[in-house]
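S.K.: Data file protein_22.tsv (TSV, C-alpha atoms) is appended below.
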chain	number	residue	atom	x	y	z
A	18	MET	CA	42.96	-45.24	-24.40
A	19	ILE	CA	45.64	-47.16	-22.54
A	20	GLU	CA	46.82	-50.21	-24.42
A	21	LYS	CA	47.65	-52.45	-21.50
A	22	ASP	CA	45.03	-52.81	-18.82
A	23	ASN	CA	46.83	-51.90	-15.61
A	24	ARG	CA	43.71	-51.73	-13.51
A	25	PRO	CA	43.64	-53.99	-10.47
A	26	VAL	CA	41.30	-56.97	-10.26
A	27	ASN	CA	39.91	-58.21	-6.97
A	28	LEU	CA	40.67	-61.90	-7.23
A	29	ASN	CA	42.29	-62.86	-3.95
A	30	LEU	CA	40.80	-66.33	-3.53
A	31	LEU	CA	41.47	-66.28	0.21
A	32	THR	CA	38.97	-63.45	0.62
A	33	ILE	CA	36.23	-64.95	-1.51
A	34	SER	CA	33.93	-67.42	0.17
A	35	LEU	CA	33.47	-70.80	-1.46
A	36	PRO	CA	30.10	-72.42	-0.78
A	37	ILE	CA	29.93	-76.14	-0.04
A	38	ILE	CA	28.80	-77.06	-3.57
A	39	GLY	CA	31.70	-75.11	-5.05
A	40	LEU	CA	34.11	-76.75	-2.62
A	41	SER	CA	32.92	-80.23	-3.59
A	42	SER	CA	33.31	-79.33	-7.28
A	43	ILE	CA	36.85	-77.98	-6.87
A	44	LEU	CA	37.87	-80.99	-4.77
A	45	HIS	CA	36.51	-83.23	-7.51
A	46	ARG	CA	38.99	-81.65	-9.90
A	47	ILE	CA	41.87	-81.73	-7.45
A	48	SER	CA	41.25	-85.38	-6.56
A	49	GLY	CA	41.02	-86.20	-10.26
A	50	LEU	CA	44.37	-84.57	-10.91
A	51	ALA	CA	45.91	-86.38	-7.93
A	52	ILE	CA	44.62	-89.74	-9.14
A	53	PHE	CA	45.99	-89.01	-12.60
A	54	PHE	CA	49.47	-88.39	-11.22
A	55	SER	CA	49.32	-91.40	-8.90
A	56	PHE	CA	48.38	-93.62	-11.81
A	57	PRO	CA	51.96	-94.70	-12.75
A	58	LEU	CA	52.58	-95.81	-9.15
A	59	VAL	CA	49.37	-97.82	-9.06
A	60	VAL	CA	50.13	-99.47	-12.39
A	61	TRP	CA	53.67	-100.27	-11.23
A	62	LEU	CA	52.39	-101.82	-7.98
A	63	PHE	CA	49.88	-103.81	-9.97
A	64	SER	CA	52.45	-105.09	-12.45
A	65	VAL	CA	54.85	-106.08	-9.65
A	66	SER	CA	52.08	-107.95	-7.87
A	67	LEU	CA	51.36	-109.95	-11.02
A	68	LYS	CA	54.95	-110.76	-11.94
A	69	SER	CA	55.40	-113.85	-9.80
A	70	GLU	CA	54.35	-115.37	-6.54
A	71	GLU	CA	57.56	-114.18	-4.85
A	72	SER	CA	57.21	-110.60	-6.03
A	73	PHE	CA	53.62	-110.62	-4.77
A	74	VAL	CA	54.79	-111.70	-1.33
A	75	VAL	CA	57.58	-109.12	-1.37
A	76	LEU	CA	55.12	-106.42	-2.28
A	77	THR	CA	52.63	-107.48	0.39
A	78	ASN	CA	55.37	-107.39	2.99
A	79	LEU	CA	56.51	-104.01	1.75
A	80	LEU	CA	52.97	-102.63	1.91
A	81	GLN	CA	52.66	-103.88	5.47
A	82	SER	CA	55.98	-102.51	6.66
A	83	SER	CA	56.50	-99.21	4.89
A	84	PHE	CA	54.59	-96.37	6.52
A	85	LEU	CA	55.20	-94.16	3.49
A	86	LEU	CA	53.74	-96.70	1.11
A	87	LYS	CA	50.81	-97.28	3.45
A	88	THR	CA	50.10	-93.57	3.62
A	89	MET	CA	50.30	-93.22	-0.15
A	90	THR	CA	47.95	-96.16	-0.67
A	91	TYR	CA	45.57	-94.70	1.86
A	92	LEU	CA	45.57	-91.27	0.21
A	93	ILE	CA	45.03	-92.78	-3.23
A	94	LEU	CA	42.10	-94.84	-1.91
A	95	VAL	CA	40.47	-91.85	-0.23
A	96	GLY	CA	41.10	-89.59	-3.23
A	97	PHE	CA	39.69	-92.18	-5.57
A	98	SER	CA	36.60	-92.74	-3.39
A	99	TYR	CA	35.92	-89.02	-3.26
A	100	HIS	CA	36.41	-88.64	-6.98
A	101	LEU	CA	34.11	-91.56	-7.71
A	102	LEU	CA	31.33	-90.32	-5.41
A	103	ALA	CA	31.58	-86.73	-6.65
A	104	GLY	CA	31.50	-88.13	-10.17
A	105	PHE	CA	28.20	-89.86	-9.40
A	106	LYS	CA	26.87	-86.55	-8.13
A	107	LYS	CA	27.91	-84.91	-11.37
A	108	LEU	CA	26.30	-87.68	-13.42
A	109	LEU	CA	23.07	-87.34	-11.44
A	110	SER	CA	22.93	-83.68	-12.33
A	111	ASP	CA	23.95	-84.20	-15.96
A	112	ALA	CA	21.59	-87.07	-16.66
A	113	PHE	CA	18.60	-86.34	-14.45
A	114	GLY	CA	18.99	-82.74	-13.35
A	115	ILE	CA	19.22	-83.88	-9.72
A	116	GLY	CA	21.13	-81.59	-7.42
A	117	GLU	CA	20.71	-78.43	-9.44
A	118	THR	CA	18.82	-76.47	-6.84
A	119	LEU	CA	20.65	-74.86	-3.95
A	120	GLU	CA	19.09	-77.20	-1.37
A	121	SER	CA	19.55	-80.47	-3.26
A	122	GLY	CA	23.03	-79.46	-4.40
A	123	ARG	CA	24.06	-78.74	-0.82
A	124	LEU	CA	22.53	-81.97	0.42
A	125	LEU	CA	24.30	-84.03	-2.25
A	126	SER	CA	27.62	-82.32	-1.53
A	127	TRP	CA	27.27	-83.12	2.17
A	128	LEU	CA	26.35	-86.70	1.30
A	129	VAL	CA	29.46	-87.04	-0.86
A	130	PHE	CA	31.64	-85.61	1.92
A	131	GLY	CA	29.94	-87.79	4.52
A	132	ALA	CA	30.28	-90.99	2.50
A	133	THR	CA	33.92	-90.20	1.74
A	134	PHE	CA	34.52	-89.66	5.46
A	135	VAL	CA	32.98	-93.03	6.30
A	136	MET	CA	35.08	-94.72	3.63
A	137	ALA	CA	38.18	-92.91	4.85
A	138	ILE	CA	37.61	-94.33	8.33
A	139	TYR	CA	37.07	-97.79	6.87
A	140	PHE	CA	40.27	-97.61	4.79
A	141	LEU	CA	42.11	-96.47	7.90
A	142	THR	CA	41.27	-99.81	9.53
A	143	VAL	CA	42.13	-101.77	6.39
A	144	VAL	CA	45.41	-100.14	5.39
A	145	PHE	CA	47.03	-99.45	8.75
B	9	MET	CA	20.26	-40.79	7.37
B	10	SER	CA	22.09	-38.68	9.86
B	11	ALA	CA	23.63	-40.34	12.86
B	12	ALA	CA	23.21	-37.17	14.88
B	13	ALA	CA	19.43	-37.57	14.83
B	14	ILE	CA	19.58	-40.92	16.66
B	15	PRO	CA	19.49	-40.90	20.49
B	16	VAL	CA	22.86	-41.91	21.90
B	17	GLU	CA	21.54	-45.04	23.62
B	18	HIS	CA	20.54	-46.42	20.22
B	19	ILE	CA	23.94	-46.09	18.59
B	20	LYS	CA	26.75	-48.58	18.19
B	21	THR	CA	29.93	-48.40	16.18
B	22	ILE	CA	30.95	-50.86	13.53
B	23	THR	CA	34.12	-51.18	11.47
B	24	MET	CA	33.78	-51.27	7.74
B	25	SER	CA	36.85	-52.61	5.99
B	26	ILE	CA	36.56	-51.31	2.46
B	27	TYR	CA	38.62	-51.90	-0.69
B	28	ARG	CA	40.01	-48.59	-1.83
B	29	TYR	CA	41.65	-47.73	-5.11
B	30	ASP	CA	41.86	-44.39	-6.85
B	31	PRO	CA	43.75	-44.74	-10.14
B	32	THR	CA	44.90	-41.10	-10.06
B	33	VAL	CA	46.55	-41.47	-6.64
B	34	ASP	CA	47.08	-45.13	-5.73
B	35	LYS	CA	49.53	-47.53	-7.34
B	36	LYS	CA	47.83	-50.48	-5.67
B	37	PRO	CA	44.48	-51.05	-3.99
B	38	TYR	CA	44.40	-51.19	-0.20
B	39	MET	CA	41.87	-51.93	2.55
B	40	GLN	CA	40.69	-49.00	4.64
B	41	ASP	CA	38.91	-49.37	7.97
B	42	ILE	CA	36.15	-46.85	8.43
B	43	VAL	CA	34.36	-46.76	11.78
B	44	VAL	CA	30.74	-45.71	11.50
B	45	GLU	CA	27.94	-45.23	13.99
B	46	ILE	CA	24.82	-47.19	13.24
B	47	PRO	CA	21.43	-47.27	14.93
B	48	THR	CA	20.67	-50.27	17.14
B	49	ASP	CA	16.90	-49.80	17.34
B	50	LYS	CA	16.44	-50.87	13.72
B	51	ASP	CA	18.19	-52.86	11.06
B	52	ILE	CA	19.76	-51.06	8.14
B	53	MET	CA	21.04	-52.32	4.82
B	54	VAL	CA	24.71	-52.55	3.87
B	55	LEU	CA	24.10	-49.71	1.40
B	56	ASP	CA	22.85	-47.46	4.23
B	57	ALA	CA	26.03	-48.22	6.16
B	58	LEU	CA	28.05	-47.35	3.04
B	59	HIS	CA	26.33	-43.96	2.92
B	60	LEU	CA	27.33	-43.40	6.54
B	61	ALA	CA	30.92	-44.32	5.64
B	62	LYS	CA	30.84	-41.97	2.68
B	63	ASN	CA	29.80	-39.13	4.99
B	64	GLN	CA	33.20	-39.57	6.62
B	65	GLU	CA	35.16	-40.40	3.50
B	66	PRO	CA	33.58	-38.42	0.67
B	67	SER	CA	36.02	-39.90	-1.85
B	68	LEU	CA	34.57	-43.40	-1.29
B	69	SER	CA	32.97	-44.51	-4.56
B	70	TYR	CA	30.32	-47.08	-5.34
B	71	ARG	CA	27.39	-47.46	-7.72
B	72	ARG	CA	23.83	-47.26	-6.47
B	73	SER	CA	20.56	-46.14	-7.89
B	74	CYS	CA	17.19	-47.57	-6.90
B	75	ARG	CA	18.34	-48.81	-3.45
B	76	GLU	CA	15.76	-51.61	-3.50
B	77	GLY	CA	17.18	-54.50	-5.51
B	78	VAL	CA	15.72	-53.58	-8.88
B	79	CYS	CA	18.41	-51.69	-10.78
B	80	GLY	CA	21.29	-54.05	-10.00
B	81	SER	CA	23.88	-51.28	-9.60
B	82	ASP	CA	25.32	-52.02	-6.20
B	83	GLY	CA	26.54	-55.57	-6.63
B	84	MET	CA	29.65	-56.06	-4.52
B	85	ASN	CA	31.56	-58.66	-2.55
B	86	ILE	CA	30.22	-58.56	1.01
B	87	ASN	CA	32.32	-60.59	3.47
B	88	GLY	CA	33.51	-62.72	0.57
B	89	LYS	CA	30.09	-63.31	-0.94
B	90	ASN	CA	28.63	-61.35	-3.82
B	91	GLY	CA	25.34	-59.59	-3.23
B	92	LEU	CA	23.41	-56.37	-3.58
B	93	ALA	CA	24.30	-53.94	-0.79
B	94	CYS	CA	20.81	-52.42	-0.88
B	95	VAL	CA	18.94	-55.62	-0.04
B	96	THR	CA	21.48	-57.18	2.31
B	97	PRO	CA	20.58	-56.44	5.95
B	98	LEU	CA	23.62	-55.37	7.91
B	99	SER	CA	22.62	-57.66	10.78
B	100	GLU	CA	22.99	-60.68	8.52
B	101	VAL	CA	26.57	-59.96	7.50
B	102	LEU	CA	28.03	-58.16	10.49
B	103	LYS	CA	30.59	-60.36	12.17
B	104	ARG	CA	31.88	-59.23	15.56
B	105	GLY	CA	31.09	-55.65	14.64
B	106	LYS	CA	32.96	-55.82	11.36
B	107	ILE	CA	32.09	-56.05	7.70
B	108	THR	CA	34.39	-56.32	4.69
B	109	LEU	CA	33.45	-54.87	1.31
B	110	ARG	CA	35.33	-55.49	-1.90
B	111	PRO	CA	34.46	-54.97	-5.56
B	112	MET	CA	32.96	-57.89	-7.46
B	113	PRO	CA	35.77	-60.35	-8.26
B	114	GLY	CA	37.35	-60.87	-11.64
B	115	LEU	CA	36.51	-57.60	-13.33
B	116	PRO	CA	38.91	-54.62	-13.62
B	117	VAL	CA	38.40	-52.09	-10.84
B	118	VAL	CA	37.63	-48.58	-12.03
B	119	ARG	CA	37.67	-47.09	-8.55
B	120	ASP	CA	36.96	-48.40	-5.04
B	121	LEU	CA	33.90	-50.67	-5.31
B	122	ILE	CA	33.20	-49.83	-8.95
B	123	VAL	CA	34.17	-52.42	-11.56
B	124	ASP	CA	34.24	-52.14	-15.32
B	125	MET	CA	31.36	-54.37	-16.47
B	126	LYS	CA	32.34	-54.31	-20.16
B	127	GLN	CA	33.35	-57.98	-20.29
B	128	PHE	CA	30.08	-58.91	-18.62
B	129	PHE	CA	27.93	-56.99	-21.08
B	130	ASP	CA	30.01	-58.09	-24.07
B	131	GLN	CA	29.08	-61.67	-23.18
B	132	LEU	CA	25.43	-60.76	-22.75
B	133	GLU	CA	25.44	-59.14	-26.19
B	134	LYS	CA	26.64	-62.42	-27.74
B	135	VAL	CA	23.50	-64.32	-26.71
B	136	LYS	CA	21.27	-61.77	-28.48
B	137	PRO	CA	19.04	-61.08	-25.49
B	138	TYR	CA	15.99	-60.07	-27.48
B	139	LEU	CA	13.17	-61.81	-29.31
B	140	ILE	CA	14.08	-62.87	-32.85
B	141	THR	CA	11.19	-63.62	-35.19
B	142	LYS	CA	11.09	-64.58	-38.86
B	143	SER	CA	7.40	-64.96	-39.52
B	144	ASP	CA	5.26	-61.96	-40.41
B	145	SER	CA	4.04	-59.92	-37.51
B	146	PRO	CA	0.49	-60.78	-36.54
B	147	ASP	CA	-2.10	-58.00	-36.54
B	148	MET	CA	-2.24	-57.66	-32.81
B	149	GLU	CA	0.58	-59.36	-30.92
B	150	ARG	CA	2.48	-62.61	-30.60
B	151	LYS	CA	0.44	-64.55	-28.14
B	152	GLN	CA	1.45	-67.09	-25.54
B	153	THR	CA	-0.62	-69.51	-23.52
B	154	PRO	CA	-0.35	-69.07	-19.75
B	155	GLU	CA	1.71	-72.29	-19.72
B	156	GLU	CA	4.14	-70.95	-22.31
B	157	ARG	CA	4.46	-67.74	-20.35
B	158	GLU	CA	5.15	-69.73	-17.20
B	159	GLU	CA	8.25	-71.17	-18.87
B	160	LEU	CA	9.86	-67.75	-18.51
B	161	ASP	CA	9.40	-67.55	-14.75
B	162	GLY	CA	12.73	-67.60	-12.99
B	163	LEU	CA	14.41	-66.29	-16.14
B	164	TYR	CA	12.97	-62.88	-16.97
B	165	GLU	CA	13.55	-61.57	-13.42
B	166	CYS	CA	17.32	-61.20	-13.89
B	167	ILE	CA	18.45	-57.62	-13.27
B	168	LEU	CA	21.97	-58.10	-14.67
B	169	CYS	CA	23.74	-57.05	-11.49
B	170	GLY	CA	26.65	-59.35	-12.31
B	171	CYS	CA	26.81	-61.06	-8.91
B	172	CYS	CA	26.60	-64.53	-10.47
B	173	SER	CA	29.11	-64.21	-13.29
B	174	THR	CA	31.68	-62.50	-11.07
B	175	SER	CA	31.43	-65.31	-8.50
B	176	CYS	CA	31.99	-67.99	-11.15
B	177	PRO	CA	35.53	-69.44	-11.36
B	178	SER	CA	34.93	-70.50	-14.98
B	179	PHE	CA	34.13	-66.88	-15.80
B	180	TRP	CA	37.18	-65.59	-13.88
B	181	TRP	CA	39.55	-67.68	-15.96
B	182	ASN	CA	37.82	-67.20	-19.33
B	183	PRO	CA	35.75	-64.00	-19.20
B	184	ASP	CA	36.08	-63.56	-22.95
B	185	LYS	CA	35.25	-67.12	-24.00
B	186	PHE	CA	32.87	-68.54	-21.38
B	187	LEU	CA	29.62	-66.60	-21.54
B	188	GLY	CA	29.02	-66.79	-17.80
B	189	PRO	CA	25.86	-67.63	-15.83
B	190	ALA	CA	24.06	-64.31	-16.39
B	191	ALA	CA	24.38	-64.40	-20.19
B	192	LEU	CA	23.51	-68.10	-20.32
B	193	LEU	CA	20.41	-67.56	-18.21
B	194	GLN	CA	19.34	-64.94	-20.74
B	195	SER	CA	20.19	-67.27	-23.57
B	196	TRP	CA	17.84	-69.90	-22.12
B	197	ARG	CA	15.23	-67.21	-21.46
B	198	PHE	CA	14.94	-66.69	-25.24
B	199	ILE	CA	15.41	-70.32	-26.24
B	200	ALA	CA	12.55	-71.19	-23.88
B	201	ASP	CA	10.35	-68.39	-25.23
B	202	SER	CA	7.59	-69.86	-27.41
B	203	ARG	CA	7.56	-66.71	-29.56
B	204	ASP	CA	11.26	-66.81	-30.42
B	205	GLU	CA	12.04	-68.28	-33.84
B	206	ALA	CA	15.83	-68.48	-33.74
B	207	THR	CA	16.32	-71.43	-31.40
B	208	GLU	CA	18.54	-73.36	-33.80
B	209	GLU	CA	20.83	-70.39	-34.46
B	210	ARG	CA	21.04	-69.68	-30.74
B	211	LEU	CA	22.03	-73.30	-30.06
B	212	ASP	CA	24.55	-73.26	-32.92
B	213	ASP	CA	26.24	-70.24	-31.35
B	214	LEU	CA	26.69	-72.11	-28.08
B	215	GLU	CA	28.11	-75.30	-29.50
B	216	ASP	CA	31.82	-74.89	-28.82
B	217	ALA	CA	34.12	-75.93	-26.01
B	218	PHE	CA	33.92	-72.66	-24.10
B	219	SER	CA	30.70	-70.66	-24.48
B	220	LEU	CA	28.52	-73.04	-22.46
B	221	TYR	CA	30.47	-76.17	-21.66
B	222	ARG	CA	32.95	-74.41	-19.37
B	223	CYS	CA	30.24	-74.58	-16.71
B	224	HIS	CA	31.32	-77.29	-14.27
B	225	GLY	CA	28.39	-77.06	-11.91
B	226	ILE	CA	30.24	-75.17	-9.19
B	227	MET	CA	26.93	-73.39	-8.52
B	228	ASN	CA	28.42	-70.26	-6.96
B	229	CYS	CA	26.00	-68.41	-9.26
B	230	VAL	CA	22.97	-69.97	-7.57
B	231	SER	CA	24.46	-69.36	-4.13
B	232	VAL	CA	24.79	-65.62	-4.66
B	233	CYS	CA	21.89	-64.59	-6.93
B	234	PRO	CA	20.04	-61.80	-5.07
B	235	LYS	CA	16.88	-62.63	-7.00
B	236	GLY	CA	17.03	-66.33	-6.15
B	237	LEU	CA	17.39	-67.41	-9.79
B	238	ASN	CA	19.10	-70.60	-10.96
B	239	PRO	CA	21.56	-70.21	-13.86
B	240	THR	CA	22.87	-73.75	-13.31
B	241	GLU	CA	19.46	-75.17	-14.15
B	242	ALA	CA	19.18	-72.90	-17.20
B	243	ILE	CA	22.60	-74.04	-18.43
B	244	SER	CA	21.59	-77.65	-17.87
B	245	ASN	CA	18.41	-77.08	-19.89
B	246	ILE	CA	20.42	-75.64	-22.79
B	247	ARG	CA	22.84	-78.56	-22.59
B	248	ASN	CA	19.98	-81.04	-22.80
B	249	LYS	CA	18.51	-79.14	-25.72
B	250	LEU	CA	21.89	-79.24	-27.49
B	251	LEU	CA	22.23	-82.98	-26.92
B	252	THR	CA	18.73	-83.96	-27.93
B	253	ARG	CA	18.15	-81.73	-30.92
B	254	GLU	CA	18.08	-83.23	-34.36
B	255	LYS	CA	20.61	-81.55	-36.55
B	256	ALA	CA	19.48	-80.51	-39.98
Show me the file's structure as structure tokens.

M.R.:
Amino acid sequence: MIEKDNRPVNLNLLTISLPIIGLSSILHRISGLAIFFSFPLVVWLFSVSLKSEESFVVLTNLLQSSFLLKTMTYLILVGFSYHLLAGFKKLLSDAFGIGETLESGRLLSWLVFGATFVMAIYFLTVVF
Amino acid sequence: MSAAAIPVEHIKTITMSIYRYDPTVDKKPYMQDIVVEIPTDKDIMVLDALHLAKNQEPSLSYRRSCREGVCGSDGMNINGKNGLACVTPLSEVLKRGKITLRPMPGLPVVRDLIVDMKQFFDQLEKVKPYLITKSDSPDMERKQTPEEREELDGLYECILCGCCSTSCPSFWWNPDKFLGPAALLQSWRFIADSRDEATEERLDDLEDAFSLYRCHGIMNCVSVCPKGLNPTEAISNIRNKLLTREKA
């Protein structure tokens, strides 16, 4: 018996198909991680905005002039929306067992993607 | 099935890209394209096409037995999606005359399309997939009402092909700790069985961070099950049972 297992394992993720429900689940995790790491920035922006009237104005001007900051705000908003909606989907399944069949799961995943898309368009008009 | 017996006008060629690995010869696995002639006047299964490929490449290895979706031997990754080669019509998976076959993901490859299913069966063993009773045996048999029997529909049909567990990311990353959809479906099959008398012990065994709770509802298991079963629902039922039970 060989001690170390040298046998290959077929686990090239690029060759394995990911159904829509799986994709929505993985994106839920990725968006959650992204929100977590963007948290310090959001808290900092929030604290600056509350410091004084002047700092609020400075921040508002900065948010309206800096493309980078605009883009970051936009991405955080979209990521947060997706994470929130996908979280509702997860809660529906955990609490009521809704979305646990292939059909309903697919439908809910599409709904989450669709709603996120609509919100993404809306945020586009708001932020930029 | 011999290609020579088919009239020429009913033949077309397809390319089968197949994962090859022979531990005695190859250092690494590689993909081999095998061109086979298939009949056009009827549909054949992926397994039939594999036989045709094996006629050309006798060293090509794969498991098969009943060739009708009952034994669960020929689970493999067909164009990226797990399934049984014997019940997957070639017409459904052929893309521009090509099909790609790889072994089921996540398990060590023994040779070509054959994986070592030890991890899979080790996890099944943990859920004690058999009826446990404590009361004395009745004279005749342990009876169930038709309604109680109905509870087992969608659970007892599992053939343990491994398609679900090897498509589950949670199982890929923790094949020794997360039981995987197949074993959890079996777990629920016995928890749901009115004749089983070890429900509490079964639930106790599942109450840790990994065994059951590593399921994140990705539902790849439901997407691939060749028998149309729903492990996600079974896992959810166990979870509800764990949350609502009154601990002694």

S.K.: To one decimal place, how far is atom CA of B:Leu68 from atom CA of B:Ile19 in Å?

M.R.: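 Taking atom CA of B:Leu68 as the start and atom CA of B:Ile19 as the end point, the length is 22.7 Å.
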
S.K.: So which residues touch A:Leu35 within 12 Å, counting all atoms listed in the file, skipping near sequence neighbours fewer than 6 positions away, as a tab-separated table (two decimals) with C-alpha atoms, in the frame of the given file?

M.R.:
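Written output follows (result16.tsv):
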chain	number	residue	atom	x	y	z
A	41	SER	CA	32.92	-80.23	-3.59
A	42	SER	CA	33.31	-79.33	-7.28
A	43	ILE	CA	36.85	-77.98	-6.87
A	44	LEU	CA	37.87	-80.99	-4.77
B	87	ASN	CA	32.32	-60.59	3.47
B	88	GLY	CA	33.51	-62.72	0.57
B	89	LYS	CA	30.09	-63.31	-0.94
B	90	ASN	CA	28.63	-61.35	-3.82
B	175	SER	CA	31.43	-65.31	-8.50
B	176	CYS	CA	31.99	-67.99	-11.15
B	177	PRO	CA	35.53	-69.44	-11.36
B	226	ILE	CA	30.24	-75.17	-9.19
B	227	MET	CA	26.93	-73.39	-8.52
B	228	ASN	CA	28.42	-70.26	-6.96
B	229	CYS	CA	26.00	-68.41	-9.26
B	231	SER	CA	24.46	-69.36	-4.13
B	232	VAL	CA	24.79	-65.62	-4.66

S.K.: Each residue of chain B with at least one atom at most 10 Å from chain A should appear once, together with its nearest atom pair and the corresponding distance in Å (one decimal); atoms considered: only C-alpha atoms; ordering: chain, then increasing residue number; output as a tab-separated table.

M.R.:
residue	atom	partner	partner_atom	distance
B:Tyr27	CA	A:Asn27	CA	9.0
B:Tyr29	CA	A:Pro25	CA	8.5
B:Pro31	CA	A:Arg24	CA	7.8
B:Lys35	CA	A:Pro25	CA	9.3
B:Lys36	CA	A:Pro25	CA	7.3
B:Pro37	CA	A:Pro25	CA	7.2
B:Asn85	CA	A:Ile33	CA	7.9
B:Ile86	CA	A:Ile33	CA	9.1
B:Asn87	CA	A:Ile33	CA	7.7
B:Gly88	CA	A:Ile33	CA	4.1
B:Lys89	CA	A:Ser34	CA	5.7
B:Asn90	CA	A:Ile33	CA	8.7
B:Thr108	CA	A:Thr32	CA	9.4
B:Arg110	CA	A:Asn27	CA	7.4
B:Pro111	CA	A:Asn27	CA	6.5
B:Met112	CA	A:Asn27	CA	7.0
B:Pro113	CA	A:Asn27	CA	4.8
B:Gly114	CA	A:Leu28	CA	5.6
B:Leu115	CA	A:Val26	CA	5.7
B:Pro116	CA	A:Val26	CA	4.7
B:Val117	CA	A:Pro25	CA	5.6
B:Val118	CA	A:Arg24	CA	7.0
B:Arg119	CA	A:Arg24	CA	9.1
B:Leu121	CA	A:Asn27	CA	9.8
B:Val123	CA	A:Val26	CA	8.6
B:Asp124	CA	A:Arg24	CA	9.7
B:Thr174	CA	A:Leu28	CA	9.8
B:Ser175	CA	A:Ile33	CA	8.5
B:Cys176	CA	A:Gly39	CA	9.4
B:Pro177	CA	A:Gly39	CA	9.3
B:Trp180	CA	A:Leu28	CA	8.4
B:His224	CA	A:Ser42	CA	7.5
B:Gly225	CA	A:Ser42	CA	7.1
B:Ile226	CA	A:Gly39	CA	4.4
B:Met227	CA	A:Gly39	CA	6.1
B:Asn228	CA	A:Gly39	CA	6.2
B:Cys229	CA	A:Gly39	CA	9.8
B:Val230	CA	A:Leu119	CA	6.5
B:Ser231	CA	A:Leu119	CA	6.7
B:Val232	CA	A:Pro36	CA	9.5
B:Gly236	CA	A:Leu119	CA	9.5
B:Leu237	CA	A:Thr118	CA	9.6
B:Asn238	CA	A:Thr118	CA	7.2
B:Pro239	CA	A:Glu117	CA	9.4
B:Thr240	CA	A:Glu117	CA	6.4
B:Glu241	CA	A:Glu117	CA	5.9
B:Ala242	CA	A:Glu117	CA	9.7
B:Ser244	CA	A:Asp111	CA	7.2
B:Asn245	CA	A:Gly114	CA	8.7
B:Arg247	CA	A:Asp111	CA	8.8
B:Asn248	CA	A:Asp111	CA	8.5

S.K.: Distance atom CA of A:Ser64-atom CA of A:Leu76, one decimal place?

M.R.: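 Between atom CA of A:Ser64 and atom CA of A:Leu76 the gap works out to 10.6 Å.
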
S.K.: Ranking B:Ala93, B:Lys235, B:Asp216, B:Lys185 by minimum distance to B:Cys166 and counting all atoms listed in the file, which one comes first?

M.R.: B:Lys235

S.K.: Using atom CA of B:Ser67 and atom CA of B:Asp49 as the two end points, give the distance in Å to one decimal.

M.R.: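 Result for atom CA of B:Ser67 versus atom CA of B:Asp49: 28.8 Å, one decimal.
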
S.K.: Using only C-alpha atoms, determine which residues lie at most 12 Å from A:Val143, disregarding the query and same-chain residues fewer than 4 positions distant; provide the list as a list in words.

M.R.: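 Near A:Val143, the qualifying residues are Leu80, Gln81, Lys87, Thr88, Thr90, Tyr91, Leu94, Met136, Ala137, Ile138 and Tyr139 of chain A.
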
S.K.: Quick one: residues within 12 Å of A:Ile52, only C-alpha atoms, excluding same-chain residues fewer than 2 positions away - as a list of chain:residue names?

M.R.: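 In the requested form, the answer reads A:Leu44, A:His45, A:Arg46, A:Ile47, A:Ser48, A:Gly49, A:Leu50, A:Phe54, A:Ser55, A:Phe56, A:Pro57, A:Leu58, A:Val59, A:Val60, A:Met89, A:Thr90, A:Leu92, A:Ile93, A:Leu94, A:Val95, A:Gly96, A:Phe97, A:Ser98, A:Tyr99, A:His100, A:Leu101.
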
S.K.: Closest to B:Pro66 among B:Ile42, B:Cys169, B:Ala191, B:Val135, using all atoms listed in the file?

M.R.: B:Ile42

S.K.: Can you tell me which residues surround B:Pro137 at a distance of at most 7 Å, considering all atoms listed in the file, apart from same-chain residues fewer than 3 positions away, and format the answer as an MDAnalysis selection string?

M.R.: chainID B and resid 132:133 194:195 198
